[in-house]
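Novice: Data file work_4.cif (mmCIF, C-alpha atoms) is appended below.
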data_entry
loop_
_atom_site.label_atom_id
_atom_site.label_comp_id
_atom_site.auth_asym_id
_atom_site.auth_seq_id
_atom_site.Cartn_x
_atom_site.Cartn_y
_atom_site.Cartn_z
CA MET S 1 8.23 -22.45 -10.55
CA ARG S 2 11.10 -22.10 -8.17
CA ASN S 3 10.68 -21.59 -4.50
CA PHE S 4 11.83 -18.07 -3.70
CA ASN S 5 11.21 -18.28 0.03
CA ARG S 6 14.86 -18.38 0.85
CA LEU S 7 15.27 -15.04 -0.84
CA ARG S 8 12.31 -13.19 0.58
CA ALA S 9 14.48 -10.16 1.02
CA PHE S 10 11.92 -7.45 0.64
CA GLU S 11 9.51 -7.88 3.50
CA ALA S 12 9.14 -4.84 5.66
CA PRO S 13 11.57 -4.76 8.53
CA ARG S 14 9.82 -4.06 11.82
CA LEU S 15 11.38 -1.01 13.27
CA ARG S 16 11.64 -2.15 16.89
CA GLY S 17 13.55 -4.68 18.92
CA PRO S 18 15.28 -7.70 17.49
CA ALA S 19 13.65 -7.33 14.10
CA PHE S 20 15.11 -3.86 13.74
CA ALA S 21 18.52 -5.30 14.49
CA LEU S 22 17.84 -7.92 11.84
CA ALA S 23 16.99 -5.20 9.36
CA LEU S 24 20.25 -3.47 10.13
CA ALA S 25 22.06 -6.73 9.68
CA PHE S 26 20.45 -6.99 6.25
CA GLY S 27 21.75 -3.56 5.50
CA PHE S 28 18.48 -1.71 5.14
CA ALA S 29 19.76 1.81 5.11
CA PRO S 30 17.94 4.68 6.73
CA ALA S 31 16.30 7.06 4.30
CA THR S 32 19.43 8.15 2.50
CA SER S 33 18.88 9.64 -0.93
CA PHE S 34 20.94 7.86 -3.50
CA ALA S 35 18.97 6.87 -6.48
CA HIS S 36 20.50 8.87 -9.29
CA HIS S 37 24.10 7.80 -9.09
CA SER S 38 26.95 7.68 -11.56
CA PHE S 39 27.82 4.22 -12.92
CA ALA S 40 31.57 4.63 -12.36
CA MET S 41 31.48 1.99 -9.60
CA TYR S 42 30.88 -0.64 -12.29
CA ASP S 43 33.94 -1.80 -14.20
CA PRO S 44 33.44 -1.17 -17.94
CA ALA S 45 36.55 -3.26 -18.71
CA LYS S 46 34.93 -6.44 -17.39
CA LEU S 47 31.96 -8.21 -18.90
CA VAL S 48 30.47 -11.05 -16.87
CA THR S 49 27.74 -13.43 -18.01
CA LEU S 50 25.49 -15.11 -15.48
CA THR S 51 22.69 -17.55 -16.13
CA GLY S 52 19.82 -17.60 -13.68
CA THR S 53 16.21 -16.87 -12.94
CA VAL S 54 14.57 -13.45 -12.79
CA LYS S 55 13.27 -12.82 -9.28
CA ASP S 56 11.86 -9.38 -10.09
CA PHE S 57 12.07 -6.91 -12.93
CA GLU S 58 11.59 -3.43 -11.52
CA TRP S 59 10.42 -0.84 -14.06
CA THR S 60 11.77 1.95 -11.90
CA ASN S 61 13.23 5.45 -12.16
CA PRO S 62 15.90 6.59 -12.47
CA HIS S 63 17.34 3.14 -13.30
CA SER S 64 15.32 0.00 -13.89
CA ARG S 65 16.62 -3.14 -12.23
CA VAL S 66 16.69 -6.92 -12.50
CA TRP S 67 17.02 -9.06 -9.37
CA LEU S 68 18.63 -12.27 -10.62
CA ILE S 69 18.87 -15.56 -8.75
CA THR S 70 21.81 -17.76 -9.63
CA GLY S 71 22.96 -21.11 -8.30
CA GLY S 72 20.55 -23.29 -6.32
CA LEU S 73 21.24 -26.31 -8.48
CA ASP S 74 22.94 -29.53 -7.43
CA GLY S 75 22.74 -28.52 -3.79
CA LYS S 76 24.62 -25.27 -4.33
CA PRO S 77 23.38 -22.17 -2.48
CA GLU S 78 21.42 -19.50 -4.29
CA ASP S 79 22.81 -16.04 -4.81
CA LEU S 80 20.90 -12.83 -5.47
CA TRP S 81 22.25 -10.16 -7.81
CA SER S 82 21.16 -6.55 -8.39
CA LEU S 83 21.67 -5.74 -12.07
CA GLU S 84 20.83 -2.16 -12.97
CA LEU S 85 19.78 -1.04 -16.39
CA PRO S 86 21.72 2.10 -17.20
CA THR S 87 18.76 4.39 -17.77
CA SER S 88 15.11 5.10 -17.00
CA PRO S 89 11.83 3.49 -18.14
CA GLY S 90 11.24 6.46 -20.46
CA ASN S 91 14.54 5.96 -22.27
CA LEU S 92 14.28 2.16 -22.14
CA THR S 93 10.91 2.42 -23.88
CA ARG S 94 12.67 4.36 -26.63
CA MET S 95 15.12 1.42 -26.89
CA GLY S 96 12.35 -1.13 -27.34
CA TRP S 97 11.92 -2.32 -23.75
CA SER S 98 8.68 -2.43 -21.77
CA LYS S 99 7.64 -3.42 -18.27
CA HIS S 100 6.73 -6.79 -19.78
CA SER S 101 10.18 -7.44 -21.25
CA LEU S 102 11.09 -9.69 -18.32
CA LYS S 103 8.96 -11.37 -15.69
CA SER S 104 9.56 -13.32 -12.52
CA GLY S 105 10.62 -16.87 -13.25
CA ASP S 106 12.16 -16.16 -16.67
CA ARG S 107 15.35 -18.10 -17.27
CA VAL S 108 17.94 -15.70 -18.66
CA ALA S 109 21.59 -15.17 -19.43
CA ILE S 110 22.68 -11.63 -18.55
CA ASP S 111 25.85 -9.83 -19.61
CA PHE S 112 26.89 -7.05 -17.24
CA ASN S 113 29.75 -4.88 -16.03
CA PRO S 114 30.30 -5.96 -12.42
CA LEU S 115 30.89 -3.87 -9.35
CA ARG S 116 34.62 -3.30 -8.96
CA ASP S 117 34.57 -4.50 -5.34
CA GLY S 118 33.14 -7.93 -6.12
CA ARG S 119 29.79 -7.54 -4.45
CA HIS S 120 26.70 -8.80 -6.24
CA GLY S 121 25.79 -5.83 -8.38
CA GLY S 122 26.29 -4.83 -11.99
CA SER S 123 25.36 -2.63 -14.92
CA LEU S 124 23.25 -4.69 -17.30
CA LYS S 125 24.29 -4.74 -20.95
CA LYS S 126 22.38 -7.61 -22.54
CA VAL S 127 19.71 -10.14 -21.64
CA THR S 128 19.04 -13.37 -23.53
CA LEU S 129 15.75 -15.08 -22.75
CA LEU S 130 16.70 -18.74 -22.77
CA ALA S 131 13.19 -19.98 -23.64
CA THR S 132 12.93 -17.98 -26.86
CA GLY S 133 16.42 -16.77 -27.66
CA GLU S 134 15.14 -13.17 -27.68
CA VAL S 135 17.90 -10.64 -26.97
CA LEU S 136 17.44 -7.26 -25.29
CA THR S 137 20.25 -4.74 -25.07
CA THR S 138 20.75 -1.31 -23.58
CA ALA S 139 22.31 0.14 -26.70
CA ALA S 140 20.80 3.53 -27.43
CA PRO S 141 18.98 4.21 -30.69
CA ALA S 142 20.52 6.72 -33.04
CA THR S 143 18.47 9.68 -31.81
CA ALA S 144 18.79 8.90 -28.13
CA GLN S 145 21.21 9.60 -25.35
CA PRO S 146 23.93 6.93 -25.03
CA THR S 147 23.50 4.96 -21.85
CA LYS S 148 26.07 4.99 -19.10
CA MET L 1 8.86 34.95 -36.29
CA GLN L 2 8.50 37.65 -33.68
CA SER L 3 10.88 40.50 -33.19
CA PHE L 4 11.99 41.77 -29.84
CA SER L 5 10.20 45.05 -30.41
CA SER L 6 6.89 43.46 -31.35
CA MET L 7 7.06 41.16 -28.33
CA SER L 8 7.60 44.23 -26.23
CA LEU L 9 4.51 45.79 -27.69
CA VAL L 10 2.51 42.69 -26.88
CA SER L 11 3.37 43.06 -23.25
CA GLY L 12 3.25 46.83 -23.35
CA LEU L 13 6.90 47.13 -22.50
CA VAL L 14 10.14 48.32 -23.95
CA CYS L 15 13.04 46.54 -22.31
CA ALA L 16 16.71 46.56 -23.08
CA ALA L 17 20.04 45.22 -21.94
CA ALA L 18 18.77 41.79 -21.00
CA LEU L 19 22.17 40.38 -21.90
CA THR L 20 23.74 42.24 -19.03
CA GLY L 21 21.39 40.75 -16.53
CA ALA L 22 19.91 44.15 -15.78
CA SER L 23 16.93 44.54 -18.05
CA ILE L 24 15.53 48.04 -18.05
CA CYS L 25 11.84 48.36 -18.70
CA ILE L 26 10.82 51.92 -19.38
CA ALA L 27 7.11 51.55 -19.92
CA GLY L 28 4.27 49.14 -19.52
CA GLU L 29 1.83 47.74 -17.07
CA VAL L 30 3.74 44.60 -16.10
CA GLY L 31 7.29 45.76 -15.59
CA ASP L 32 9.49 45.72 -12.52
CA GLY L 33 7.53 46.26 -9.40
CA ALA L 34 4.31 44.99 -10.95
CA THR L 35 2.42 42.55 -8.81
CA ILE L 36 -0.25 41.43 -11.26
CA ASN L 37 0.00 39.20 -14.30
CA PRO L 38 -2.77 40.60 -16.49
CA PRO L 39 -4.97 38.17 -18.41
CA PRO L 40 -3.55 37.63 -21.89
CA THR L 41 -5.31 39.26 -24.79
CA ALA L 42 -6.47 37.41 -27.88
CA GLN L 43 -3.67 39.17 -29.72
CA ALA L 44 -1.12 37.83 -27.21
CA TRP L 45 -2.30 34.28 -27.89
CA ALA L 46 -2.28 34.92 -31.65
CA ASP L 47 1.24 36.33 -31.51
CA LEU L 48 2.54 33.02 -30.15
CA ALA L 49 1.90 31.51 -33.58
CA LYS L 50 4.47 33.90 -35.02
CA LEU L 51 7.25 32.47 -32.87
CA PRO L 52 9.58 29.80 -34.33
CA ASP L 53 8.16 26.30 -34.20
CA TRP L 54 9.80 24.52 -31.26
CA SER L 55 6.97 22.01 -30.89
CA GLY L 56 7.57 18.32 -30.48
CA VAL L 57 9.93 16.59 -28.09
CA TRP L 58 13.63 17.38 -28.11
CA PHE L 59 16.27 14.83 -27.27
CA PRO L 60 19.70 16.05 -26.14
CA GLU L 61 23.00 14.84 -27.47
CA SER L 62 25.24 12.98 -25.05
CA TRP L 63 26.47 15.24 -22.26
CA MET L 64 29.81 13.52 -22.73
CA ALA L 65 29.98 15.00 -26.21
CA THR L 66 28.88 18.41 -24.95
CA THR L 67 31.42 18.79 -22.18
CA ALA L 68 34.25 17.17 -24.16
CA ARG L 69 33.70 19.64 -27.00
CA HIS L 70 33.44 22.66 -24.72
CA PRO L 71 35.44 22.12 -21.50
CA PRO L 72 35.35 24.92 -18.92
CA THR L 73 38.42 26.89 -17.94
CA TRP L 74 38.70 26.50 -14.20
CA LYS L 75 40.61 28.83 -11.91
CA PRO L 76 44.02 27.35 -11.04
CA ASP L 77 43.11 26.40 -7.48
CA VAL L 78 39.96 24.67 -8.72
CA VAL L 79 41.82 22.57 -11.29
CA ARG L 80 43.25 20.52 -8.42
CA ASP L 81 39.73 19.77 -7.15
CA VAL L 82 38.57 18.77 -10.63
CA GLU L 83 41.54 16.46 -11.12
CA GLN L 84 40.88 14.79 -7.76
CA LEU L 85 37.26 14.17 -8.75
CA LYS L 86 38.32 12.78 -12.12
CA ALA L 87 40.75 10.42 -10.37
CA LEU L 88 37.99 9.26 -8.02
CA GLU L 89 35.66 8.64 -10.95
CA GLN L 90 38.38 6.77 -12.82
CA ALA L 91 38.97 4.60 -9.77
CA GLY L 92 35.29 3.76 -9.56
CA HIS L 93 34.44 5.83 -6.52
CA PRO L 94 32.36 8.59 -7.98
CA LYS L 95 31.26 11.46 -5.85
CA GLY L 96 28.06 11.57 -7.88
CA LEU L 97 26.65 15.03 -8.46
CA TYR L 98 23.00 14.04 -8.13
CA VAL L 99 23.03 11.22 -5.60
CA ASP L 100 21.15 13.35 -3.11
CA CYS L 101 18.34 13.93 -5.62
CA LEU L 102 18.30 17.67 -5.12
CA PRO L 103 17.38 19.51 -8.33
CA GLU L 104 20.26 19.50 -10.79
CA GLY L 105 19.73 23.25 -11.31
CA MET L 106 21.35 25.54 -13.84
CA PRO L 107 23.32 25.01 -15.96
CA SER L 108 23.04 21.24 -15.42
CA PHE L 109 19.35 21.36 -16.40
CA MET L 110 20.50 22.18 -19.93
CA ILE L 111 23.98 20.58 -20.05
CA MET L 112 23.40 17.24 -18.34
CA THR L 113 19.78 16.31 -19.01
CA LEU L 114 19.62 12.94 -20.71
CA ALA L 115 15.97 12.60 -21.57
CA SER L 116 13.08 14.22 -23.40
CA THR L 117 12.71 17.99 -23.24
CA GLU L 118 9.82 20.26 -24.28
CA PHE L 119 9.44 24.00 -24.85
CA LEU L 120 6.00 25.47 -24.13
CA TYR L 121 4.91 28.94 -25.22
CA THR L 122 2.26 30.84 -23.31
CA PRO L 123 1.78 34.61 -23.26
CA GLY L 124 4.60 36.17 -21.30
CA ARG L 125 6.51 32.99 -20.65
CA VAL L 126 8.51 30.14 -22.17
CA THR L 127 8.46 27.02 -19.99
CA ILE L 128 11.01 24.25 -20.45
CA LEU L 129 9.95 20.81 -19.23
CA ASN L 130 12.39 18.01 -18.61
CA GLU L 131 11.85 14.32 -17.95
CA PHE L 132 15.14 13.95 -16.10
CA ASP L 133 15.08 13.26 -12.34
CA GLY L 134 11.71 14.55 -11.30
CA ASN L 135 10.12 16.20 -14.34
CA ARG L 136 11.63 19.51 -13.38
CA GLN L 137 10.97 22.78 -15.17
CA ARG L 138 12.33 26.21 -15.95
CA ARG L 139 10.19 29.32 -16.26
CA ILE L 140 11.57 32.02 -18.54
CA TYR L 141 9.57 35.23 -18.29
CA THR L 142 9.24 37.01 -21.62
CA ASP L 143 6.77 39.66 -20.45
CA GLY L 144 9.45 42.27 -20.12
CA ARG L 145 9.98 42.11 -16.40
CA GLY L 146 13.48 42.35 -14.99
CA HIS L 147 15.08 40.28 -12.30
CA PRO L 148 13.81 40.93 -8.77
CA ASP L 149 15.85 43.37 -6.74
CA ASP L 150 16.40 40.82 -3.97
CA PRO L 151 15.65 37.41 -5.46
CA ASP L 152 15.52 34.22 -3.46
CA LEU L 153 18.35 31.97 -4.56
CA THR L 154 17.16 28.76 -6.22
CA PHE L 155 18.65 25.78 -8.06
CA HIS L 156 17.40 27.00 -11.43
CA GLY L 157 17.74 30.72 -10.71
CA HIS L 158 15.52 33.49 -12.03
CA SER L 159 15.26 33.64 -15.81
CA ILE L 160 14.03 36.42 -18.09
CA GLY L 161 14.03 36.19 -21.86
CA ARG L 162 13.43 38.16 -25.00
CA TRP L 163 13.25 37.28 -28.66
CA GLU L 164 15.96 38.51 -31.01
CA GLY L 165 14.48 37.42 -34.29
CA ASP L 166 14.09 33.67 -33.99
CA THR L 167 16.52 33.41 -31.08
CA LEU L 168 15.35 33.33 -27.47
CA VAL L 169 17.92 35.17 -25.35
CA VAL L 170 17.69 34.13 -21.72
CA ASP L 171 19.35 35.76 -18.76
CA THR L 172 19.55 33.80 -15.51
CA VAL L 173 20.74 34.95 -12.10
CA ALA L 174 20.05 34.08 -8.46
CA ILE L 175 21.39 30.53 -8.68
CA LEU L 176 22.25 28.79 -5.42
CA PRO L 177 26.05 28.69 -4.90
CA GLU L 178 25.91 24.95 -4.20
CA THR L 179 24.59 24.26 -7.71
CA TYR L 180 27.10 22.38 -9.82
CA LEU L 181 28.93 23.30 -12.97
CA PRO L 182 29.06 19.74 -14.31
CA ILE L 183 31.42 18.04 -16.71
CA SER L 184 30.22 14.50 -15.93
CA GLN L 185 27.79 12.82 -13.57
CA ALA L 186 30.62 12.43 -11.07
CA VAL L 187 32.73 15.51 -11.75
CA GLY L 188 31.53 19.04 -11.14
CA ILE L 189 32.26 22.05 -9.03
CA PRO L 190 29.74 24.22 -7.18
CA ASN L 191 29.48 27.66 -8.72
CA ASP L 192 30.19 29.18 -5.27
CA GLY L 193 27.92 32.15 -5.91
CA ASP L 194 27.38 35.12 -8.26
CA SER L 195 26.77 32.85 -11.23
CA HIS L 196 25.17 34.43 -14.29
CA ILE L 197 24.12 32.55 -17.41
CA VAL L 198 23.15 33.91 -20.81
CA GLU L 199 21.64 31.51 -23.32
CA ARG L 200 20.85 31.92 -27.00
CA ILE L 201 18.40 29.20 -27.95
CA HIS L 202 17.53 28.81 -31.61
CA LEU L 203 17.05 26.40 -34.49
CA ILE L 204 19.94 25.70 -36.82
CA GLY L 205 18.01 23.16 -38.89
CA PRO L 206 14.45 21.93 -39.26
CA ASP L 207 14.82 19.52 -36.35
CA HIS L 208 18.04 20.75 -34.78
CA LEU L 209 18.00 23.20 -31.87
CA VAL L 210 20.98 24.57 -30.00
CA ASP L 211 21.34 26.22 -26.62
CA GLU L 212 24.46 28.39 -26.73
CA MET L 213 25.35 29.14 -23.12
CA THR L 214 27.80 31.63 -21.66
CA ILE L 215 28.25 30.77 -18.01
CA GLU L 216 29.87 33.15 -15.59
CA ALA L 217 30.97 31.81 -12.22
CA PRO L 218 33.69 34.20 -11.15
CA HIS L 219 34.69 32.29 -8.01
CA VAL L 220 35.57 29.05 -9.83
CA LEU L 221 35.91 29.81 -13.56
CA ALA L 222 38.91 31.66 -14.97
CA ALA L 223 36.82 32.79 -17.94
CA PRO L 224 33.18 32.54 -18.95
CA TRP L 225 32.34 28.99 -20.00
CA LYS L 226 30.95 28.94 -23.51
CA VAL L 227 29.19 25.65 -24.12
CA THR L 228 26.60 24.57 -26.68
CA ARG L 229 24.13 21.70 -26.29
CA ASN L 230 22.49 20.17 -29.33
CA PHE L 231 18.92 18.86 -29.31
CA THR L 232 17.19 16.73 -31.94
CA ARG L 233 13.43 16.97 -32.54
CA ASN L 234 11.28 13.87 -32.35
CA ARG L 235 7.60 13.70 -33.14
CA GLU L 236 7.10 10.00 -32.44
CA ARG L 237 4.94 9.55 -29.35
CA ILE L 238 7.49 7.14 -27.92
CA HIS L 239 9.52 10.24 -27.08
CA ASP L 240 6.74 11.96 -25.12
CA ILE L 241 7.83 12.98 -21.64
CA VAL L 242 6.93 10.39 -19.02
CA GLU L 243 7.35 10.45 -15.27
CA GLY L 244 10.97 10.73 -14.21
CA SER L 245 11.32 10.42 -10.45
CA CYS L 246 14.73 10.47 -8.82
CA ARG L 247 14.38 8.30 -5.72
CA GLN L 248 12.10 5.40 -6.63
CA GLY L 249 15.16 3.25 -7.16
CA ASP L 250 16.05 3.60 -3.50
CA PHE L 251 13.15 1.27 -2.78
CA VAL L 252 11.55 -2.00 -3.82
CA GLU L 253 7.85 -2.69 -3.94
CA GLY L 254 6.67 -4.69 -0.98
CA LYS L 255 4.19 -4.78 1.89
CA ASP L 256 4.26 -2.79 5.10
CA ALA L 257 3.54 -4.25 8.53
CA GLN L 258 -0.19 -3.76 7.94
CA GLY L 259 -0.07 -5.54 4.61
CA HIS L 260 -0.43 -2.41 2.48
CA ALA L 261 1.54 -1.83 -0.69
CA ALA L 262 4.64 0.06 0.30
CA PHE L 263 8.08 1.05 -0.89
CA LEU L 264 10.75 -0.62 1.22
CA PRO L 265 14.33 0.61 1.31
CA VAL L 266 17.14 -1.12 -0.51
CA GLY L 267 20.74 -1.25 0.61
CA HIS L 268 23.46 0.40 -1.44
CA THR L 269 27.14 0.62 -1.92
CA GLU L 270 28.60 3.78 -0.48
CA ASP L 271 28.40 5.27 -3.99
CA GLY L 272 24.73 4.48 -4.47
CA ALA L 273 24.58 1.21 -6.42
CA PRO L 274 21.76 -1.02 -5.13
CA LEU L 275 22.68 -4.34 -3.61
CA PRO L 276 21.00 -7.51 -2.39
CA PRO L 277 20.34 -7.41 1.37
CA ASP L 278 23.16 -9.76 2.29
CA GLN L 279 25.65 -7.63 0.29
CA SER L 280 24.59 -4.22 1.43
CA ARG L 281 27.24 -3.40 3.98
CA PRO L 282 30.46 -2.01 2.59
CA ASN L 283 33.28 -4.47 2.40
CA PRO L 284 35.72 -4.18 5.32
#
Have the structure of the file written as structure tokens, please.

Specialist:
Amino acid sequence: MRNFNRLRAFEAPRLRGPAFALALAFGFAPATSFAHHSFAMYDPAKLVTLTGTVKDFEWTNPHSRVWLITGGLDGKPEDLWSLELPTSPGNLTRMGWSKHSLKSGDRVAIDFNPLRDGRHGGSLKKVTLLATGEVLTTAAPATAQPTK
Amino acid sequence: MQSFSSMSLVSGLVCAAALTGASICIAGEVGDGATINPPPTAQAWADLAKLPDWSGVWFPESWMATTARHPPTWKPDVVRDVEQLKALEQAGHPKGLYVDCLPEGMPSFMIMTLASTEFLYTPGRVTILNEFDGNRQRRIYTDGRGHPDDPDLTFHGHSIGRWEGDTLVVDTVAILPETYLPISQAVGIPNDGDSHIVERIHLIGPDHLVDEMTIEAPHVLAAPWKVTRNFTRNRERIHDIVEGSCRQGDFVEGKDAQGHAAFLPVGHTEDGAPLPPDQSRPNP
């Protein structure tokens, strides 16, 4: 199992003094309400594939999410990516996914449409589990709403 | 099947002109001005079985198909605003109609929903449940009441309905002016007030339901917007409505300062896409 300490991004920021400043530096936003956003900020004309390790798979509304760690080999620094699935757990269930589809530590190759501005985010299209070769996609079934 | 007149008898009312938004109820114990919803009779429950079978879970077609097939006719000065929004969306900087997680409201509840939908019959009311963004609901009163004289404005408005044969005709007013007329998740225009929506909801096949909407928004539309949404029936339990919250994705699961399970905020792009902590500030 990899050591994720370097990427312990999700501990609660203390809301006073230097720690609060640290939280701001990390970009923890105040309680803005964003969650259901359009996916137009992702570039549908580009498809990027990254190989890495699942940090967390969040079975979350309105869009589930994979936090993917890349790099960290041969002395290279690790990078963390936010890769959103283009719909909700309810619709993903109808596409054959479950909360157990991915777990922390899984080695995966993920195809995604990247953010247009180059930051580490994307709209997930396909996951290949490297241990088994299993492939999961976000293609909608015939009776379901097409994903974004 | 239940006719309009027999439904009226169930509720003890004779109402007319629901299509105009000004239903007139000339008799009955639960009409305009009534303050009590009487307990339903056994006959009222039995009469529900005569209504068309809308049971099961309904899945909408793509909203992209809906709005492409039936585009609205905007007033000339609004066309410029729509084109600007389209250009922003094309450039990857969507305004995002629902990023604030307020209710999508009407007509978006019917035009833009992208998840399971249910229709529930109870005496005097049809309730529409939706998985999308917070398991929101519409209440359509079929007990013969009219619209309130001075309704509070709401996202979904005030809806009254009546059965014309197997078609539920719904009249909705009192919609907040900020509520969007949507053509995509990033392009829509507030109705700006005085919006009025008439729907004709009915089956056109065993598992095919349509909602034929006529949307009036005189401050932004040059003509009433006629738009039809198609729904497909599913009986597999995998389609059952599940929880659909809107803001959970603004957070990650973690621990608070006391060690309790807690949702902790996540950084975003300015358009709402989540980002790792070291990427969360907008690029200079």

Novice: Provide as an mmCIF file with C-alpha atoms, keeping the file's coordinate frame the residues of chain L at most 8 Å from chain S, counting only C-alpha atoms.

Specialist:
data_model
loop_
_atom_site.group_PDB
_atom_site.id
_atom_site.type_symbol
_atom_site.label_atom_id
_atom_site.label_comp_id
_atom_site.auth_asym_id
_atom_site.auth_seq_id
_atom_site.Cartn_x
_atom_site.Cartn_y
_atom_site.Cartn_z
ATOM 1 C CA PHE L 59 16.270 14.830 -27.270
ATOM 2 C CA PRO L 60 19.700 16.050 -26.140
ATOM 3 C CA GLU L 61 23.000 14.840 -27.470
ATOM 4 C CA SER L 62 25.240 12.980 -25.050
ATOM 5 C CA GLU L 89 35.660 8.640 -10.950
ATOM 6 C CA GLN L 90 38.380 6.770 -12.820
ATOM 7 C CA ALA L 91 38.970 4.600 -9.770
ATOM 8 C CA GLY L 92 35.290 3.760 -9.560
ATOM 9 C CA HIS L 93 34.440 5.830 -6.520
ATOM 10 C CA PRO L 94 32.360 8.590 -7.980
ATOM 11 C CA GLY L 96 28.060 11.570 -7.880
ATOM 12 C CA LEU L 97 26.650 15.030 -8.460
ATOM 13 C CA TYR L 98 23.000 14.040 -8.130
ATOM 14 C CA VAL L 99 23.030 11.220 -5.600
ATOM 15 C CA ASP L 100 21.150 13.350 -3.110
ATOM 16 C CA CYS L 101 18.340 13.930 -5.620
ATOM 17 C CA LEU L 114 19.620 12.940 -20.710
ATOM 18 C CA ALA L 115 15.970 12.600 -21.570
ATOM 19 C CA ASP L 133 15.080 13.260 -12.340
ATOM 20 C CA GLN L 185 27.790 12.820 -13.570
ATOM 21 C CA ALA L 186 30.620 12.430 -11.070
ATOM 22 C CA THR L 232 17.190 16.730 -31.940
ATOM 23 C CA ILE L 238 7.490 7.140 -27.920
ATOM 24 C CA HIS L 239 9.520 10.240 -27.080
ATOM 25 C CA ILE L 241 7.830 12.980 -21.640
ATOM 26 C CA VAL L 242 6.930 10.390 -19.020
ATOM 27 C CA GLU L 243 7.350 10.450 -15.270
ATOM 28 C CA GLY L 244 10.970 10.730 -14.210
ATOM 29 C CA SER L 245 11.320 10.420 -10.450
ATOM 30 C CA CYS L 246 14.730 10.470 -8.820
ATOM 31 C CA ARG L 247 14.380 8.300 -5.720
ATOM 32 C CA GLN L 248 12.100 5.400 -6.630
ATOM 33 C CA GLY L 249 15.160 3.250 -7.160
ATOM 34 C CA ASP L 250 16.050 3.600 -3.500
ATOM 35 C CA VAL L 252 11.550 -2.000 -3.820
ATOM 36 C CA GLU L 253 7.850 -2.690 -3.940
ATOM 37 C CA GLY L 254 6.670 -4.690 -0.980
ATOM 38 C CA LYS L 255 4.190 -4.780 1.890
ATOM 39 C CA ASP L 256 4.260 -2.790 5.100
ATOM 40 C CA ALA L 257 3.540 -4.250 8.530
ATOM 41 C CA LEU L 264 10.750 -0.620 1.220
ATOM 42 C CA PRO L 265 14.330 0.610 1.310
ATOM 43 C CA VAL L 266 17.140 -1.120 -0.510
ATOM 44 C CA GLY L 267 20.740 -1.250 0.610
ATOM 45 C CA HIS L 268 23.460 0.400 -1.440
ATOM 46 C CA ASP L 271 28.400 5.270 -3.990
ATOM 47 C CA GLY L 272 24.730 4.480 -4.470
ATOM 48 C CA ALA L 273 24.580 1.210 -6.420
ATOM 49 C CA PRO L 274 21.760 -1.020 -5.130
ATOM 50 C CA LEU L 275 22.680 -4.340 -3.610
ATOM 51 C CA PRO L 276 21.000 -7.510 -2.390
ATOM 52 C CA PRO L 277 20.340 -7.410 1.370
ATOM 53 C CA ASP L 278 23.160 -9.760 2.290
ATOM 54 C CA GLN L 279 25.650 -7.630 0.290
ATOM 55 C CA SER L 280 24.590 -4.220 1.430
ATOM 56 C CA ARG L 281 27.240 -3.400 3.980
ATOM 57 C CA ASN L 283 33.280 -4.470 2.400
#

Novice: Would you kindly return, as a JSON list (two decimals) with C-alpha atoms, in the frame of the given file, each protein, DNA or RNA residue with an atom no farther than 9 Å from any atom of Ala217 in chain L, considering all atoms listed in the file and excluding same-chain residues fewer than 6 positions away?

Specialist:
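And here is the file that came out, out_36.json:
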[["chain", "number", "residue", "atom", "x", "y", "z"],
["L", 181, "LEU", "CA", 28.93, 23.30, -12.97],
["L", 191, "ASN", "CA", 29.48, 27.66, -8.72],
["L", 192, "ASP", "CA", 30.19, 29.18, -5.27],
["L", 193, "GLY", "CA", 27.92, 32.15, -5.91],
["L", 194, "ASP", "CA", 27.38, 35.12, -8.26],
["L", 195, "SER", "CA", 26.77, 32.85, -11.23],
["L", 196, "HIS", "CA", 25.17, 34.43, -14.29],
["L", 197, "ILE", "CA", 24.12, 32.55, -17.41],
["L", 223, "ALA", "CA", 36.82, 32.79, -17.94],
["L", 224, "PRO", "CA", 33.18, 32.54, -18.95],
["L", 225, "TRP", "CA", 32.34, 28.99, -20.00]]

Novice: On this file, the PyMOL selection byres ((chain L and resi 127) around 6) gives some set of residues; write that set as number ranges by chain.

Specialist: L: 119-120, 126, 128, 138-139

Novice: Quick one: residues within 8 Å of Lys126 in chain S, only C-alpha atoms counted, chain neighbours fewer than 4 positions away excluded, as number ranges by chain?

Specialist: S: 110-112, 135-138

Novice: Filtering to C-alpha atoms, could you give me those residues as a PDB file, in the frame of the given file?

Specialist:
ATOM      1  CA  ILE S 110      22.680 -11.630 -18.550  1.00  0.00           C
ATOM      2  CA  ASP S 111      25.850  -9.830 -19.610  1.00  0.00           C
ATOM      3  CA  PHE S 112      26.890  -7.050 -17.240  1.00  0.00           C
ATOM      4  CA  VAL S 135      17.900 -10.640 -26.970  1.00  0.00           C
ATOM      5  CA  LEU S 136      17.440  -7.260 -25.290  1.00  0.00           C
ATOM      6  CA  THR S 137      20.250  -4.740 -25.070  1.00  0.00           C
ATOM      7  CA  THR S 138      20.750  -1.310 -23.580  1.00  0.00           C
TER       8      THR S 138
END

Novice: For the atom pair CA of Ala261 in chain L and CA of Asp106 in chain S, what is the interatomic distance in Å to one decimal place?

Specialist: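 Going from CA of Ala261 in chain L over to CA of Asp106 in chain S covers 23.9 Å.
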
Novice: To test the calculation: enclose all listed atoms of range 62-70 of chain L in a box whose edges run along x, y and z, add 5 Å on each side, then state centre and edge lengths in Å to one decimal, as lines of an AutoDock Vina configuration file.

Specialist:
center_x = 29.7
center_y = 17.8
center_z = -24.6
size_x = 19.0
size_y = 19.7
size_z = 14.8

Novice: I need the output of the PyMOL selection byres ((chain L and resi 199-204) around 12) for this file as a ChimeraX atom specification; which residues are they?

Specialist: /L:1,18-21,51-55,58,106-107,110-111,119,126,128,140,159-173,196-198,205-216,225-233
